[in-house]
>>> print(open('run-v7.tsv').read())   # TSV, N, CA and C atoms
chain	number	residue	atom	x	y	z
A	1	MET	N	201.48	-78.55	226.57
A	1	MET	CA	201.90	-78.54	225.19
A	1	MET	C	200.70	-78.83	224.30
A	2	HIS	N	200.64	-78.16	223.19
A	2	HIS	CA	199.56	-78.36	222.24
A	2	HIS	C	199.61	-79.78	221.70
A	3	ALA	N	198.45	-80.42	221.56
A	3	ALA	CA	198.37	-81.82	221.14
A	3	ALA	C	199.07	-82.08	219.81
A	4	SER	N	199.08	-81.12	218.91
A	4	SER	CA	199.71	-81.34	217.60
A	4	SER	C	201.22	-81.48	217.70
A	5	LEU	N	201.82	-81.11	218.83
A	5	LEU	CA	203.27	-81.22	218.98
A	5	LEU	C	203.70	-82.51	219.65
A	6	ASN	N	202.77	-83.30	220.15
A	6	ASN	CA	203.13	-84.54	220.85
A	6	ASN	C	203.93	-85.49	219.96
A	7	SER	N	203.56	-85.60	218.68
A	7	SER	CA	204.29	-86.50	217.79
A	7	SER	C	205.71	-86.00	217.56
A	8	LEU	N	205.92	-84.69	217.53
A	8	LEU	CA	207.28	-84.16	217.39
A	8	LEU	C	208.10	-84.43	218.63
A	9	ALA	N	207.50	-84.27	219.80
A	9	ALA	CA	208.22	-84.49	221.06
A	9	ALA	C	208.63	-85.95	221.21
A	10	ALA	N	207.89	-86.87	220.61
A	10	ALA	CA	208.17	-88.29	220.74
A	10	ALA	C	209.29	-88.77	219.83
A	11	LEU	N	209.68	-87.98	218.85
A	11	LEU	CA	210.72	-88.41	217.91
A	11	LEU	C	212.09	-88.41	218.58
A	12	PRO	N	212.95	-89.38	218.23
A	12	PRO	CA	214.28	-89.43	218.82
A	12	PRO	C	215.05	-88.14	218.58
A	13	GLY	N	215.76	-87.68	219.59
A	13	GLY	CA	216.57	-86.47	219.47
A	13	GLY	C	215.83	-85.19	219.79
A	14	ASN	N	214.52	-85.24	219.93
A	14	ASN	CA	213.74	-84.05	220.26
A	14	ASN	C	213.48	-84.02	221.76
A	15	GLU	N	213.16	-82.84	222.28
A	15	GLU	CA	212.95	-82.70	223.72
A	15	GLU	C	211.81	-81.73	223.99
A	16	ALA	N	210.81	-82.19	224.74
A	16	ALA	CA	209.74	-81.30	225.20
A	16	ALA	C	210.33	-80.36	226.25
A	17	LEU	N	210.06	-79.07	226.10
A	17	LEU	CA	210.61	-78.06	227.00
A	17	LEU	C	209.49	-77.35	227.73
A	18	PRO	N	209.85	-76.62	228.80
A	18	PRO	CA	208.84	-75.80	229.46
A	18	PRO	C	208.26	-74.79	228.49
A	19	HIS	N	207.16	-74.21	228.82
A	19	HIS	CA	206.51	-73.15	228.05
A	19	HIS	C	205.88	-73.67	226.76
A	20	GLY	N	205.67	-75.00	226.65
A	20	GLY	CA	204.91	-75.54	225.53
A	20	GLY	C	205.64	-75.64	224.21
A	21	THR	N	206.97	-75.73	224.22
A	21	THR	CA	207.72	-75.89	222.98
A	21	THR	C	208.43	-77.23	222.94
A	22	VAL	N	208.89	-77.61	221.75
A	22	VAL	CA	209.68	-78.83	221.56
A	22	VAL	C	210.97	-78.44	220.86
A	23	ARG	N	212.13	-78.77	221.49
A	23	ARG	CA	213.41	-78.53	220.82
A	23	ARG	C	213.59	-79.62	219.78
A	24	LEU	N	213.79	-79.22	218.52
A	24	LEU	CA	213.99	-80.16	217.43
A	24	LEU	C	215.49	-80.37	217.26
A	25	GLY	N	215.97	-81.52	217.69
A	25	GLY	CA	217.41	-81.80	217.63
A	25	GLY	C	218.09	-81.42	218.92
A	26	PRO	N	219.42	-81.51	218.93
A	26	PRO	CA	220.16	-81.27	220.17
A	26	PRO	C	220.18	-79.80	220.58
A	27	ALA	N	220.42	-79.59	221.87
A	27	ALA	CA	220.60	-78.24	222.38
A	27	ALA	C	221.92	-77.68	221.85
A	28	ALA	N	222.00	-76.38	221.76
A	28	ALA	CA	223.24	-75.74	221.34
A	28	ALA	C	224.36	-76.14	222.29
A	29	ALA	N	225.57	-76.32	221.75
A	29	ALA	CA	226.68	-76.81	222.56
A	29	ALA	C	227.85	-75.84	222.61
A	30	ASP	N	227.72	-74.66	222.06
A	30	ASP	CA	228.82	-73.69	222.00
A	30	ASP	C	228.39	-72.40	222.67
A	31	ALA	N	229.17	-71.95	223.65
A	31	ALA	CA	228.83	-70.73	224.37
A	31	ALA	C	229.00	-69.48	223.51
A	32	GLY	N	229.85	-69.52	222.50
A	32	GLY	CA	230.12	-68.35	221.68
A	32	GLY	C	229.01	-68.04	220.69
A	33	GLN	N	228.56	-69.06	219.99
A	33	GLN	CA	227.46	-68.89	219.03
A	33	GLN	C	226.84	-70.25	218.75
A	34	GLY	N	225.60	-70.22	218.31
A	34	GLY	CA	224.92	-71.47	218.00
A	34	GLY	C	223.52	-71.21	217.50
A	35	SER	N	222.85	-72.31	217.18
A	35	SER	CA	221.48	-72.19	216.71
A	35	SER	C	220.66	-73.35	217.24
A	36	GLU	N	219.36	-73.12	217.33
A	36	GLU	CA	218.41	-74.14	217.77
A	36	GLU	C	217.13	-73.98	217.00
A	37	ARG	N	216.33	-75.05	216.99
A	37	ARG	CA	215.00	-75.04	216.38
A	37	ARG	C	214.00	-75.45	217.44
A	38	HIS	N	212.96	-74.65	217.61
A	38	HIS	CA	211.91	-74.94	218.60
A	38	HIS	C	210.55	-74.92	217.91
A	39	ALA	N	209.80	-76.00	218.07
A	39	ALA	CA	208.44	-76.08	217.51
A	39	ALA	C	207.45	-75.59	218.55
A	40	MET	N	206.38	-74.96	218.07
A	40	MET	CA	205.31	-74.48	218.93
A	40	MET	C	204.04	-74.41	218.11
A	41	ALA	N	202.92	-74.19	218.77
A	41	ALA	CA	201.66	-74.00	218.07
A	41	ALA	C	200.99	-72.76	218.64
A	42	GLY	N	200.31	-72.03	217.78
A	42	GLY	CA	199.63	-70.84	218.25
A	42	GLY	C	198.83	-70.19	217.14
A	43	GLN	N	198.18	-69.09	217.51
A	43	GLN	CA	197.34	-68.34	216.57
A	43	GLN	C	197.22	-66.93	217.10
A	44	GLY	N	197.23	-65.95	216.19
A	44	GLY	CA	197.15	-64.55	216.59
A	44	GLY	C	198.46	-64.08	217.19
A	45	VAL	N	198.41	-62.96	217.89
A	45	VAL	CA	199.59	-62.40	218.54
A	45	VAL	C	199.71	-63.02	219.93
A	46	PHE	N	200.87	-63.57	220.24
A	46	PHE	CA	201.09	-64.16	221.56
A	46	PHE	C	202.57	-64.14	221.91
A	47	ASP	N	202.86	-64.28	223.19
A	47	ASP	CA	204.23	-64.36	223.68
A	47	ASP	C	204.62	-65.82	223.82
A	48	GLN	N	205.88	-66.11	223.51
A	48	GLN	CA	206.40	-67.48	223.63
A	48	GLN	C	207.79	-67.38	224.24
A	49	ILE	N	208.12	-68.30	225.12
A	49	ILE	CA	209.44	-68.33	225.75
A	49	ILE	C	210.17	-69.58	225.26
A	50	LEU	N	211.41	-69.38	224.79
A	50	LEU	CA	212.28	-70.46	224.34
A	50	LEU	C	213.44	-70.58	225.32
A	51	SER	N	213.88	-71.80	225.58
A	51	SER	CA	215.01	-72.04	226.48
A	51	SER	C	216.24	-72.41	225.68
A	52	SER	N	217.39	-71.86	226.08
A	52	SER	CA	218.66	-72.20	225.44
A	52	SER	C	219.77	-72.01	226.46
A	53	PRO	N	220.67	-72.99	226.61
A	53	PRO	CA	221.62	-72.98	227.72
A	53	PRO	C	222.64	-71.84	227.72
A	54	PHE	N	222.93	-71.22	226.58
A	54	PHE	CA	223.98	-70.22	226.54
A	54	PHE	C	223.48	-68.80	226.32
A	55	VAL	N	222.18	-68.59	226.22
A	55	VAL	CA	221.63	-67.26	225.98
A	55	VAL	C	221.57	-66.48	227.29
A	56	THR	N	222.01	-65.22	227.24
A	56	THR	CA	221.89	-64.29	228.36
A	56	THR	C	221.35	-62.97	227.80
A	57	SER	N	221.12	-62.00	228.66
A	57	SER	CA	220.61	-60.72	228.19
A	57	SER	C	221.61	-59.99	227.31
A	58	ALA	N	222.88	-60.39	227.34
A	58	ALA	CA	223.90	-59.78	226.49
A	58	ALA	C	224.00	-60.45	225.11
A	59	SER	N	223.29	-61.54	224.90
A	59	SER	CA	223.34	-62.26	223.63
A	59	SER	C	222.64	-61.48	222.53
A	60	ARG	N	223.11	-61.63	221.32
A	60	ARG	CA	222.39	-61.15	220.14
A	60	ARG	C	221.66	-62.35	219.57
A	61	VAL	N	220.35	-62.26	219.44
A	61	VAL	CA	219.53	-63.39	219.01
A	61	VAL	C	218.71	-62.98	217.79
A	62	PHE	N	218.72	-63.84	216.78
A	62	PHE	CA	217.99	-63.61	215.53
A	62	PHE	C	217.03	-64.77	215.33
A	63	VAL	N	215.77	-64.47	214.98
A	63	VAL	CA	214.72	-65.50	214.92
A	63	VAL	C	213.97	-65.43	213.59
A	64	SER	N	213.66	-66.59	213.04
A	64	SER	CA	212.76	-66.68	211.89
A	64	SER	C	211.70	-67.74	212.20
A	65	LEU	N	210.56	-67.64	211.54
A	65	LEU	CA	209.45	-68.58	211.73
A	65	LEU	C	209.08	-69.22	210.40
A	66	ALA	N	208.63	-70.47	210.46
A	66	ALA	CA	208.09	-71.17	209.29
A	66	ALA	C	207.07	-72.19	209.77
A	67	GLU	N	206.09	-72.49	208.93
A	67	GLU	CA	205.12	-73.53	209.26
A	67	GLU	C	205.79	-74.90	209.16
A	68	ILE	N	205.30	-75.84	209.98
A	68	ILE	CA	205.73	-77.24	209.91
A	68	ILE	C	204.51	-78.13	209.97
A	69	ASP	N	204.67	-79.36	209.52
A	69	ASP	CA	203.60	-80.35	209.57
A	69	ASP	C	203.44	-80.81	211.00
A	70	PRO	N	202.26	-80.70	211.60
A	70	PRO	CA	202.08	-81.11	213.00
A	70	PRO	C	202.06	-82.62	213.18
A	71	ASN	N	202.15	-83.39	212.12
A	71	ASN	CA	202.10	-84.85	212.23
A	71	ASN	C	203.47	-85.50	212.23
A	72	GLY	N	204.50	-84.76	212.55
A	72	GLY	CA	205.81	-85.35	212.74
A	72	GLY	C	206.86	-84.98	211.71
A	73	ASP	N	206.51	-84.35	210.61
A	73	ASP	CA	207.49	-83.94	209.62
A	73	ASP	C	208.12	-82.63	210.09
A	74	ARG	N	209.40	-82.65	210.33
A	74	ARG	CA	210.07	-81.47	210.89
A	74	ARG	C	210.51	-80.47	209.83
A	75	LYS	N	210.21	-80.71	208.58
A	75	LYS	CA	210.65	-79.81	207.52
A	75	LYS	C	209.76	-78.57	207.46
A	76	PRO	N	210.37	-77.38	207.44
A	76	PRO	CA	209.57	-76.16	207.29
A	76	PRO	C	209.04	-76.03	205.87
A	77	PHE	N	207.91	-75.34	205.73
A	77	PHE	CA	207.38	-75.09	204.40
A	77	PHE	C	206.72	-73.71	204.37
A	78	MET	N	206.56	-73.18	203.15
A	78	MET	CA	205.93	-71.88	202.95
A	78	MET	C	204.43	-72.11	202.89
A	79	GLY	N	203.74	-71.82	203.97
A	79	GLY	CA	202.29	-71.98	204.01
A	79	GLY	C	201.60	-70.68	203.64
A	80	ALA	N	200.29	-70.67	203.75
A	80	ALA	CA	199.50	-69.49	203.38
A	80	ALA	C	199.43	-68.45	204.50
A	81	ALA	N	199.74	-68.85	205.73
A	81	ALA	CA	199.61	-67.94	206.87
A	81	ALA	C	200.80	-66.98	206.96
A	82	PRO	N	200.55	-65.68	207.10
A	82	PRO	CA	201.63	-64.75	207.39
A	82	PRO	C	202.14	-64.97	208.82
A	83	LEU	N	203.45	-65.09	208.98
A	83	LEU	CA	204.09	-65.29	210.28
A	83	LEU	C	205.01	-64.10	210.53
A	84	LYS	N	204.90	-63.51	211.72
A	84	LYS	CA	205.69	-62.32	212.03
A	84	LYS	C	206.35	-62.47	213.40
A	85	VAL	N	207.58	-61.96	213.50
A	85	VAL	CA	208.28	-61.84	214.77
A	85	VAL	C	208.31	-60.36	215.12
A	86	TYR	N	207.70	-59.98	216.24
A	86	TYR	CA	207.66	-58.59	216.66
A	86	TYR	C	208.79	-58.23	217.62
A	87	ASN	N	209.03	-59.07	218.61
A	87	ASN	CA	210.04	-58.77	219.62
A	87	ASN	C	210.86	-60.01	219.91
A	88	VAL	N	212.15	-59.81	220.17
A	88	VAL	CA	213.07	-60.87	220.58
A	88	VAL	C	213.86	-60.33	221.76
A	89	VAL	N	213.66	-60.93	222.95
A	89	VAL	CA	214.29	-60.42	224.17
A	89	VAL	C	215.06	-61.55	224.86
A	90	PRO	N	216.39	-61.59	224.69
A	90	PRO	CA	217.18	-62.58	225.43
A	90	PRO	C	217.26	-62.18	226.90
A	91	LYS	N	217.23	-63.19	227.79
A	91	LYS	CA	217.19	-62.91	229.23
A	91	LYS	C	218.27	-63.71	229.95
A	92	ASP	N	218.64	-63.24	231.15
A	92	ASP	CA	219.70	-63.88	231.92
A	92	ASP	C	219.33	-65.26	232.46
A	93	ASP	N	218.06	-65.63	232.42
A	93	ASP	CA	217.66	-66.97	232.89
A	93	ASP	C	217.76	-68.01	231.77
A	94	HIS	N	218.53	-67.71	230.71
A	94	HIS	CA	218.77	-68.62	229.58
A	94	HIS	C	217.50	-68.89	228.78
A	95	THR	N	216.68	-67.84	228.64
A	95	THR	CA	215.49	-67.93	227.80
A	95	THR	C	215.49	-66.77	226.80
A	96	VAL	N	214.67	-66.94	225.77
A	96	VAL	CA	214.43	-65.89	224.79
A	96	VAL	C	212.92	-65.66	224.78
A	97	HIS	N	212.50	-64.45	225.07
A	97	HIS	CA	211.08	-64.10	225.11
A	97	HIS	C	210.72	-63.53	223.74
A	98	LEU	N	209.77	-64.17	223.06
A	98	LEU	CA	209.33	-63.73	221.74
A	98	LEU	C	207.90	-63.21	221.79
A	99	ARG	N	207.60	-62.24	220.97
A	99	ARG	CA	206.22	-61.87	220.68
A	99	ARG	C	206.06	-62.12	219.18
A	100	ILE	N	205.15	-63.04	218.84
A	100	ILE	CA	204.97	-63.43	217.45
A	100	ILE	C	203.51	-63.32	217.05
A	101	ASP	N	203.29	-63.35	215.75
A	101	ASP	CA	201.94	-63.28	215.20
A	101	ASP	C	201.79	-64.35	214.14
A	102	ILE	N	200.84	-65.26	214.36
A	102	ILE	CA	200.45	-66.25	213.36
A	102	ILE	C	199.08	-65.80	212.88
A	103	ASP	N	199.06	-65.16	211.72
A	103	ASP	CA	197.85	-64.53	211.20
A	103	ASP	C	197.02	-65.58	210.45
A	104	TRP	N	196.30	-66.39	211.25
A	104	TRP	CA	195.49	-67.48	210.70
A	104	TRP	C	194.33	-67.72	211.66
A	105	PRO	N	193.17	-68.14	211.17
A	105	PRO	CA	192.00	-68.27	212.04
A	105	PRO	C	192.03	-69.46	213.01
A	106	GLU	N	193.01	-70.33	212.88
A	106	GLU	CA	193.14	-71.46	213.81
A	106	GLU	C	194.61	-71.67	214.15
A	107	GLU	N	194.86	-72.43	215.21
A	107	GLU	CA	196.24	-72.68	215.62
A	107	GLU	C	197.00	-73.43	214.54
A	108	LEU	N	198.26	-73.02	214.34
A	108	LEU	CA	199.16	-73.69	213.41
A	108	LEU	C	200.44	-74.09	214.13
A	109	ALA	N	201.05	-75.18	213.70
A	109	ALA	CA	202.36	-75.58	214.20
A	109	ALA	C	203.41	-74.83	213.40
A	110	VAL	N	204.35	-74.22	214.11
A	110	VAL	CA	205.43	-73.48	213.47
A	110	VAL	C	206.75	-73.85	214.14
A	111	VAL	N	207.84	-73.54	213.45
A	111	VAL	CA	209.17	-73.71	214.03
A	111	VAL	C	209.83	-72.35	214.10
A	112	ALA	N	210.43	-72.06	215.26
A	112	ALA	CA	211.24	-70.87	215.43
A	112	ALA	C	212.70	-71.31	215.31
A	113	ASN	N	213.36	-70.85	214.26
A	113	ASN	CA	214.79	-71.09	214.09
A	113	ASN	C	215.50	-69.89	214.68
A	114	PHE	N	216.40	-70.12	215.64
A	114	PHE	CA	217.10	-68.96	216.18
A	114	PHE	C	218.60	-69.20	216.25
A	115	PHE	N	219.30	-68.11	216.04
A	115	PHE	CA	220.76	-68.07	216.05
A	115	PHE	C	221.17	-67.06	217.11
A	116	TYR	N	222.15	-67.41	217.94
A	116	TYR	CA	222.61	-66.50	218.96
A	116	TYR	C	224.13	-66.30	218.82
A	117	VAL	N	224.58	-65.12	219.24
A	117	VAL	CA	226.00	-64.78	219.28
A	117	VAL	C	226.28	-64.13	220.62
A	118	ASN	N	227.33	-64.60	221.29
A	118	ASN	CA	227.79	-64.00	222.53
A	118	ASN	C	229.16	-63.40	222.31
A	119	GLU	N	229.42	-62.25	222.91
A	119	GLU	CA	230.73	-61.62	222.80
A	119	GLU	C	231.78	-62.50	223.47
A	120	SER	N	232.96	-62.50	222.91
A	120	SER	CA	234.07	-63.32	223.47
A	120	SER	C	234.65	-62.71	224.70
>>> encode(input="run-v7.tsv", output="structure tokens")
Amino acid sequence: MHASLNSLAALPGNEALPHGTVRLGPAAADAGQGSERHAMAGQGVFDQILSSPFVTSASRVFVSLAEIDPNGDRKPFMGAAPLKVYNVVPKDDHTVHLRIDIDWPEELAVVANFFYVNES
């Protein structure tokens, strides 16, 4: 995990996850639909994997990105860096594979807010 996320992982209610992300708040608790927030750090175009207990390849998943303060403030803000989501691929192993672009010359901490819907 990127060093700038350690303070977020240490806050009550947050959870360090595999693949270098931090779940901000509780995991989704509804199989039908839900949302989660995952913090990560990166720069340029890269792939990121998010874990969520109810996501499968049949899920519809929607993702947005925003910058966050790497020193523990979980509030998103409109920074100067363009943030882009290129691909969102839900998988049967309860992960979401993202390809994102943080167009900035150095690593930035960002939050991926995602919403999922499963057919009844």
>>> residues_around(input="run-v7.tsv", residues="Arg99 in chain A", least_positions_apart="4", cutoff="10 Å", atoms="only C-alpha atoms", output="ChimeraX atom specification")
/A:45-49,84-89
>>> axis_aligned_box(input="run-v7.tsv", around="range 58-76 of chain A", padding_each_side="5 Å", output="lines of an AutoDock Vina configuration file")
center_x = 213.0
center_y = -72.6
center_z = 216.6
size_x = 31.9
size_y = 35.7
size_z = 31.5
>>> closest_residue(input="run-v7.tsv", among="A:Ser57, A:Ser64, A:Gln43, A:Ser51", to="Ile102 in chain A", atoms="only C-alpha atoms")
A:Gln43
>>> atom_distance(input="run-v7.tsv", atom1="atom N of Trp104 in chain A", atom2="atom C of His38 in chain A")
17.9 Å
>>> atom_distance(input="run-v7.tsv", atom1="atom N of Gly44 in chain A", atom2="CA of Pro12 in chain A")
29.1 Å
>>> residues_around(input="run-v7.tsv", residues="Phe54 in chain A", least_positions_apart="6", cutoff="7 Å", atoms="all atoms listed in the file", output="NGL selection string")
:A and (28 or 30-31 or 94)
>>> select_by_dssp(input="run-v7.tsv", residues="chain A", states="strand (DSSP E or B)", output="PyMOL selection string")
chain A and resi 15-17+21-23+33-42+44-51+60-68+76-77+83-91+95-102+108-117
>>> atom_distance(input="run-v7.tsv", atom1="CA of Pro70 in chain A", atom2="CA of Arg37 in chain A")
14.7 Å
>>> closest_residue(input="run-v7.tsv", among="A:Gly25, A:Pro90, A:Gly32, A:Gly42", to="Ala10 in chain A", atoms="only C-alpha atoms")
A:Gly25
>>> closest_residue(input="run-v7.tsv", among="A:Gly79, A:Gly34, A:Gly13, A:Pro18", to="Asn118 in chain A", atoms="only C-alpha atoms")
A:Gly34
